[in-house]
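See structure below.
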Amino acid sequence: MTEAQYGRAPGDNSSDPVEAWEPSGLLVYTIGLLLAVLLTTTSFWVANTSLLWAPGIALGLAVLAIAQMGVHLVFFLHITTGPDNTNNVLALAFGVLIVFLVIAGSLWIMADLNEMMPPAELMDLHMQH
Amino acid sequence: MNFAPTIEAVHHGALLSASEAGPAPKRLVVAYGFWIFLLSDIVMFAAFFAGYAVLVRATAGGPTGAELFDQTNVAIETACLLASSFTCGLMSLAANTRNRVRTYFFALVTFVLGAAFLALEIREFGDMIAIGATPHRSAFLSAFFALVGCHGLHVAAGLVWLVVMMAQIATRGFRPAVERRLLCFSLFWHALDIIWVGLFTVVYLMGVSP
């Protein structure tokens with residue numbers, strides 16, 4: 001009862017630490033491993049094949065990576081959408097927000113700066129004056 | 001035949017406010033705090049990823065990723081780390097049942113796979129440095145060594161931590177404190193694998209695809 005109130009520790013797959021060797025726990029890790037292997041091999045295939053539309057490959061790889069991170073979070077770290085996991089999910093959501101801001105913001109700003117930068121010849125002209 | 005009082009009592013028990021119920025169990029507090037640390041660690045890696053993504057074309061006439069990276073090596077590294085994440089999960093299952101032999105066995109497998117990953121990475125770095133692709137050759141290589149090297153350092157720290165945890169189980173047994181540290185270790189190890197997923201995708205696969 002109290003456990004349900006406080007939620008669940010991240011990484012715990014049951015609120016009771018002492019239980020019999022759970023076949024269900026083993027099954028969860030095995031499903032996670034199979035899905036991860038599937039996604040990883042797909043990623044390596046996508047990066048090396050010539051069958052796919054080349055400009056879309058980077059996007060496809062990003063989608064596969066994010067899917068695999070989701071698989072790891074759910075099957076290895078046992079992050080669920082259940083009410084006992086609210087705290088963990090909220091912390092994760094905040095972390096993902098910061099990660100997104102840092103990466104997307106840096107790329108955006110630097111691409112913008114590169115565009116605003118005058119071409120090298122123009123810079124040389126300025127230097128001569 | 002009036003069930004109302006019982007139902008009400010159960011209901012009341014379930015709705016006890018956190019202040020009435022007392023402090024949360026320590027296992028939960030410790031694991032949650034470690035979860036926050038891991039997220040901040042991932043934010044730090046995000047900064048390295050951003051730096052790498054910005055500098056990936058700044059090769060200064062030096063070697064590019066497509067010339068340097070060996071995909072077979074990366075595939076083996078990925079397999080090692082993924083398998084070690086799986087055996088780390090099996091280790092925490094064994095530790096939950098307080099089965100020493102199983103815990104030691106899966107910890108050993110996790111350690112060997114992690115060490116194999118690290119050995120392959122060090123060999124890769126050594127090969128790159130041998131052909132002059134050192135961190136000070138170009139901004140791209142500085143960002144590459146900072147990002148991949150930082151992950152490698154985390155793996156090395158995790159291996160040391162794993163050895164310490166096995167020594168603690170041997171000398172102190174499955175005490176609550178040791179079990180909490182073991183839970184934190186497995187969180188750390190799984191998080192490293194998540195970072196590696198982003199790493200092999202962004203650095204190696206996107207680096208070699210045209």
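Going through the structure tokens in order, the chains are called A, B, and so on, while each chain numbers its residues from 1 and the ligands are numbered from 1 in the order shown.
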If the cut-off is 6 Å, can you tell me the residues of chain B near chain A, counting only C-alpha atoms? I'd like them as JSON, numbers by chain. {"B": [28, 31, 32, 39, 43, 46, 50, 96, 97, 194, 205, 209]}
Just asking: which residues within chain B are helix (DSSP H, G or I) according to DSSP, as an NGL selection string? :B and (4-14 or 18-21 or 26-55 or 65-68 or 71-96 or 100-130 or 139-172 or 176-208)
Write out as a ChimeraX atom specification which residues come within 7 Å of range 56-58 of chain B when counting only C-alpha atoms, dropping same-chain ones fewer than 3 positions away. /B:52-53,138-140
Would you export the selected residues with all heavy atoms as a compact mmCIF listing (two decimals), in the first residue's frame, please?
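The file below, out.txt, is the result:
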```txt
# COMPACT_ATOMS: atom_id res chain seq x y z
N TYR B 52 29.76 17.83 -31.32
CA TYR B 52 30.19 16.96 -32.42
C TYR B 52 29.40 17.27 -33.69
O TYR B 52 29.98 17.39 -34.77
CB TYR B 52 29.99 15.49 -32.02
CG TYR B 52 30.39 14.54 -33.12
CD1 TYR B 52 31.72 14.19 -33.30
CD2 TYR B 52 29.45 14.02 -34.00
CE1 TYR B 52 32.10 13.35 -34.32
CE2 TYR B 52 29.81 13.17 -35.02
CZ TYR B 52 31.15 12.83 -35.17
OH TYR B 52 31.53 12.00 -36.18
N ALA B 53 28.06 17.41 -33.55
CA ALA B 53 27.23 17.64 -34.74
C ALA B 53 27.59 18.96 -35.41
O ALA B 53 27.56 19.07 -36.64
CB ALA B 53 25.75 17.64 -34.33
N SER B 138 42.14 18.09 -36.05
CA SER B 138 41.06 18.95 -36.54
C SER B 138 39.98 19.08 -35.47
O SER B 138 39.95 18.31 -34.51
CB SER B 138 40.45 18.37 -37.82
OG SER B 138 39.82 17.15 -37.54
N ALA B 139 39.10 20.07 -35.65
CA ALA B 139 38.00 20.26 -34.70
C ALA B 139 37.10 19.04 -34.68
O ALA B 139 36.60 18.63 -33.63
CB ALA B 139 37.19 21.50 -35.07
N PHE B 140 36.91 18.41 -35.87
CA PHE B 140 36.09 17.20 -35.93
C PHE B 140 36.67 16.12 -35.04
O PHE B 140 35.95 15.47 -34.26
CB PHE B 140 36.01 16.73 -37.39
CG PHE B 140 35.77 15.25 -37.55
CD1 PHE B 140 34.56 14.70 -37.17
CD2 PHE B 140 36.75 14.42 -38.07
CE1 PHE B 140 34.33 13.34 -37.31
CE2 PHE B 140 36.53 13.07 -38.21
CZ PHE B 140 35.32 12.53 -37.82
```
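Of note, CA of Phe37 in chain B and CA of Phe185 in chain B are spaced 12.3 Å apart.
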Nearest candidate to Val197 in chain B (options A:Leu27, A:Leu52, A:Leu34, A:Val63; using only C-alpha atoms):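 Answer, going by the shortest atom-to-atom distance: A:Val63.
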Can you list, as a list in words, every protein, DNA or RNA residue that comes within 10 Å of Gly158 in chain B when you count only C-alpha atoms, leaving out same-chain residues fewer than 2 positions away?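 Contacts, in chain order: Phe111, Gly114, Gly152, Leu153, His154, Val155, Ala156, Val160, Trp161, Leu162, Val163, Val164, Phe185, Ser186, Phe188, Trp189 and Leu192 of chain B.
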For Ile122 in chain B, please output as a PyMOL selection string all residues within 12 Å (counting only C-alpha atoms; exclusion window: fewer than 2 positions along the same chain). chain B and resi 73+77+115-120+124-129+145+148-149+151-153+155-156
For all heavy atoms, I'd like the residues from the last selection saved as a short mmCIF file (atom, residue, chain, number, x, y, z; two decimals), in the first residue's frame.
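Final file, result-v1.cif:
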```cif
data_model
loop_
_atom_site.label_atom_id
_atom_site.label_comp_id
_atom_site.auth_asym_id
_atom_site.auth_seq_id
_atom_site.Cartn_x
_atom_site.Cartn_y
_atom_site.Cartn_z
N ASN B 73 34.11 -3.20 -36.63
CA ASN B 73 34.54 -2.95 -35.26
C ASN B 73 33.39 -2.36 -34.43
O ASN B 73 33.13 -2.80 -33.30
CB ASN B 73 35.73 -1.98 -35.29
CG ASN B 73 36.45 -1.93 -33.99
OD1 ASN B 73 36.76 -2.97 -33.40
ND2 ASN B 73 36.70 -0.74 -33.50
N GLU B 77 31.51 -3.87 -31.12
CA GLU B 77 31.40 -3.07 -29.89
C GLU B 77 29.95 -2.97 -29.44
O GLU B 77 29.63 -3.15 -28.26
CB GLU B 77 31.95 -1.66 -30.13
CG GLU B 77 33.45 -1.54 -30.06
CD GLU B 77 33.92 -0.12 -30.35
OE1 GLU B 77 33.14 0.82 -30.14
OE2 GLU B 77 35.05 0.04 -30.80
N ALA B 115 34.59 -5.13 -20.71
CA ALA B 115 36.04 -5.00 -20.92
C ALA B 115 36.38 -5.20 -22.39
O ALA B 115 37.26 -4.51 -22.94
CB ALA B 115 36.79 -5.99 -20.05
N ALA B 116 35.67 -6.13 -23.05
CA ALA B 116 35.91 -6.35 -24.48
C ALA B 116 35.55 -5.10 -25.27
O ALA B 116 36.28 -4.68 -26.18
CB ALA B 116 35.07 -7.53 -24.97
N PHE B 117 34.43 -4.47 -24.91
CA PHE B 117 34.04 -3.23 -25.57
C PHE B 117 35.14 -2.18 -25.43
O PHE B 117 35.56 -1.54 -26.39
CB PHE B 117 32.74 -2.71 -24.94
CG PHE B 117 32.39 -1.30 -25.33
CD1 PHE B 117 31.68 -1.05 -26.49
CD2 PHE B 117 32.77 -0.22 -24.54
CE1 PHE B 117 31.39 0.25 -26.87
CE2 PHE B 117 32.48 1.07 -24.91
CZ PHE B 117 31.77 1.31 -26.08
N LEU B 118 35.62 -2.03 -24.18
CA LEU B 118 36.63 -1.01 -23.90
C LEU B 118 37.92 -1.31 -24.65
O LEU B 118 38.55 -0.40 -25.22
CB LEU B 118 36.89 -0.97 -22.39
CG LEU B 118 37.35 0.36 -21.83
CD1 LEU B 118 36.33 1.44 -22.14
CD2 LEU B 118 37.55 0.24 -20.33
N ALA B 119 38.31 -2.59 -24.70
CA ALA B 119 39.54 -2.97 -25.40
C ALA B 119 39.45 -2.63 -26.88
O ALA B 119 40.38 -2.08 -27.47
CB ALA B 119 39.82 -4.46 -25.20
N LEU B 120 38.27 -2.93 -27.48
CA LEU B 120 38.09 -2.62 -28.90
C LEU B 120 38.15 -1.12 -29.14
O LEU B 120 38.75 -0.66 -30.12
CB LEU B 120 36.73 -3.16 -29.38
CG LEU B 120 36.66 -4.65 -29.62
CD1 LEU B 120 35.22 -5.09 -29.83
CD2 LEU B 120 37.50 -5.02 -30.82
N GLU B 124 40.83 0.93 -31.37
CA GLU B 124 40.41 1.84 -32.44
C GLU B 124 41.09 3.19 -32.29
O GLU B 124 41.61 3.74 -33.26
CB GLU B 124 38.88 2.00 -32.37
CG GLU B 124 38.32 2.83 -33.52
CD GLU B 124 36.92 3.34 -33.23
OE1 GLU B 124 36.42 3.17 -32.11
OE2 GLU B 124 36.35 3.95 -34.14
N PHE B 125 41.10 3.72 -31.06
CA PHE B 125 41.76 5.01 -30.81
C PHE B 125 43.25 4.92 -31.15
O PHE B 125 43.81 5.82 -31.77
CB PHE B 125 41.59 5.42 -29.34
CG PHE B 125 40.24 5.99 -29.01
CD1 PHE B 125 39.22 5.99 -29.95
CD2 PHE B 125 39.99 6.51 -27.75
CE1 PHE B 125 37.98 6.51 -29.64
CE2 PHE B 125 38.75 7.04 -27.44
CZ PHE B 125 37.74 7.03 -28.37
N GLY B 126 43.85 3.80 -30.73
CA GLY B 126 45.29 3.62 -30.99
C GLY B 126 45.58 3.61 -32.48
O GLY B 126 46.53 4.27 -32.94
N ASP B 127 44.75 2.89 -33.25
CA ASP B 127 44.94 2.84 -34.71
C ASP B 127 44.80 4.23 -35.32
O ASP B 127 45.55 4.61 -36.23
CB ASP B 127 43.91 1.89 -35.34
CG ASP B 127 44.21 0.43 -35.03
OD1 ASP B 127 45.32 0.19 -34.50
OD2 ASP B 127 43.36 -0.43 -35.30
N MET B 128 43.80 5.00 -34.83
CA MET B 128 43.59 6.33 -35.38
C MET B 128 44.77 7.24 -35.07
O MET B 128 45.25 7.99 -35.94
CB MET B 128 42.30 6.94 -34.82
CG MET B 128 41.05 6.36 -35.45
SD MET B 128 39.55 6.89 -34.65
CE MET B 128 39.51 8.60 -35.10
N ILE B 129 45.26 7.17 -33.84
CA ILE B 129 46.39 8.03 -33.46
C ILE B 129 47.64 7.64 -34.25
O ILE B 129 48.43 8.49 -34.66
CB ILE B 129 46.61 7.95 -31.93
CG1 ILE B 129 45.46 8.68 -31.22
CG2 ILE B 129 47.96 8.56 -31.53
CD1 ILE B 129 45.39 8.46 -29.75
N PHE B 145 36.93 12.62 -30.23
CA PHE B 145 37.59 12.00 -29.08
C PHE B 145 36.94 12.43 -27.77
O PHE B 145 36.88 11.63 -26.82
CB PHE B 145 39.08 12.35 -29.08
CG PHE B 145 39.90 11.44 -29.96
CD1 PHE B 145 40.29 11.85 -31.23
CD2 PHE B 145 40.26 10.19 -29.54
CE1 PHE B 145 41.03 11.01 -32.05
CE2 PHE B 145 41.00 9.34 -30.35
CZ PHE B 145 41.39 9.75 -31.60
N VAL B 148 33.33 10.27 -27.77
CA VAL B 148 33.49 8.82 -27.63
C VAL B 148 34.36 8.50 -26.42
O VAL B 148 34.11 7.54 -25.69
CB VAL B 148 34.05 8.22 -28.93
CG1 VAL B 148 34.13 6.71 -28.82
CG2 VAL B 148 33.19 8.60 -30.11
N GLY B 149 35.40 9.33 -26.19
CA GLY B 149 36.28 9.10 -25.04
C GLY B 149 35.53 9.26 -23.72
O GLY B 149 35.76 8.51 -22.77
N HIS B 151 32.36 8.66 -23.18
CA HIS B 151 31.57 7.44 -23.00
C HIS B 151 32.47 6.29 -22.55
O HIS B 151 32.12 5.52 -21.65
CB HIS B 151 30.84 7.09 -24.30
CG HIS B 151 30.01 5.86 -24.20
ND1 HIS B 151 30.50 4.63 -24.56
CD2 HIS B 151 28.75 5.66 -23.75
CE1 HIS B 151 29.55 3.72 -24.35
NE2 HIS B 151 28.48 4.33 -23.86
N GLY B 152 33.66 6.19 -23.17
CA GLY B 152 34.59 5.13 -22.79
C GLY B 152 35.02 5.25 -21.33
O GLY B 152 35.10 4.25 -20.61
N LEU B 153 35.24 6.50 -20.87
CA LEU B 153 35.59 6.71 -19.46
C LEU B 153 34.46 6.26 -18.55
O LEU B 153 34.71 5.66 -17.49
CB LEU B 153 35.87 8.20 -19.22
CG LEU B 153 37.27 8.71 -19.55
CD1 LEU B 153 37.37 10.18 -19.21
CD2 LEU B 153 38.31 7.93 -18.75
N VAL B 155 32.34 3.89 -19.20
CA VAL B 155 32.34 2.42 -19.18
C VAL B 155 33.44 1.92 -18.25
O VAL B 155 33.22 0.99 -17.46
CB VAL B 155 32.51 1.86 -20.60
CG1 VAL B 155 32.67 0.35 -20.57
CG2 VAL B 155 31.32 2.23 -21.46
N ALA B 156 34.63 2.57 -18.32
CA ALA B 156 35.73 2.16 -17.45
C ALA B 156 35.35 2.32 -15.99
O ALA B 156 35.58 1.44 -15.15
CB ALA B 156 36.98 2.97 -17.78
#
```
What does the distance from CA of Val112 in chain B to CA of Arg181 in chain B come to in Å, to one decimal?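 We find that CA of Val112 in chain B and CA of Arg181 in chain B lie 20.4 Å from each other.
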At what distance in Å, to one decimal, does CA of Val54 in chain B lie from CA of Ala143 in chain B?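 Taking CA of Ala143 in chain B and CA of Val54 in chain B, their separation equals 9.1 Å.
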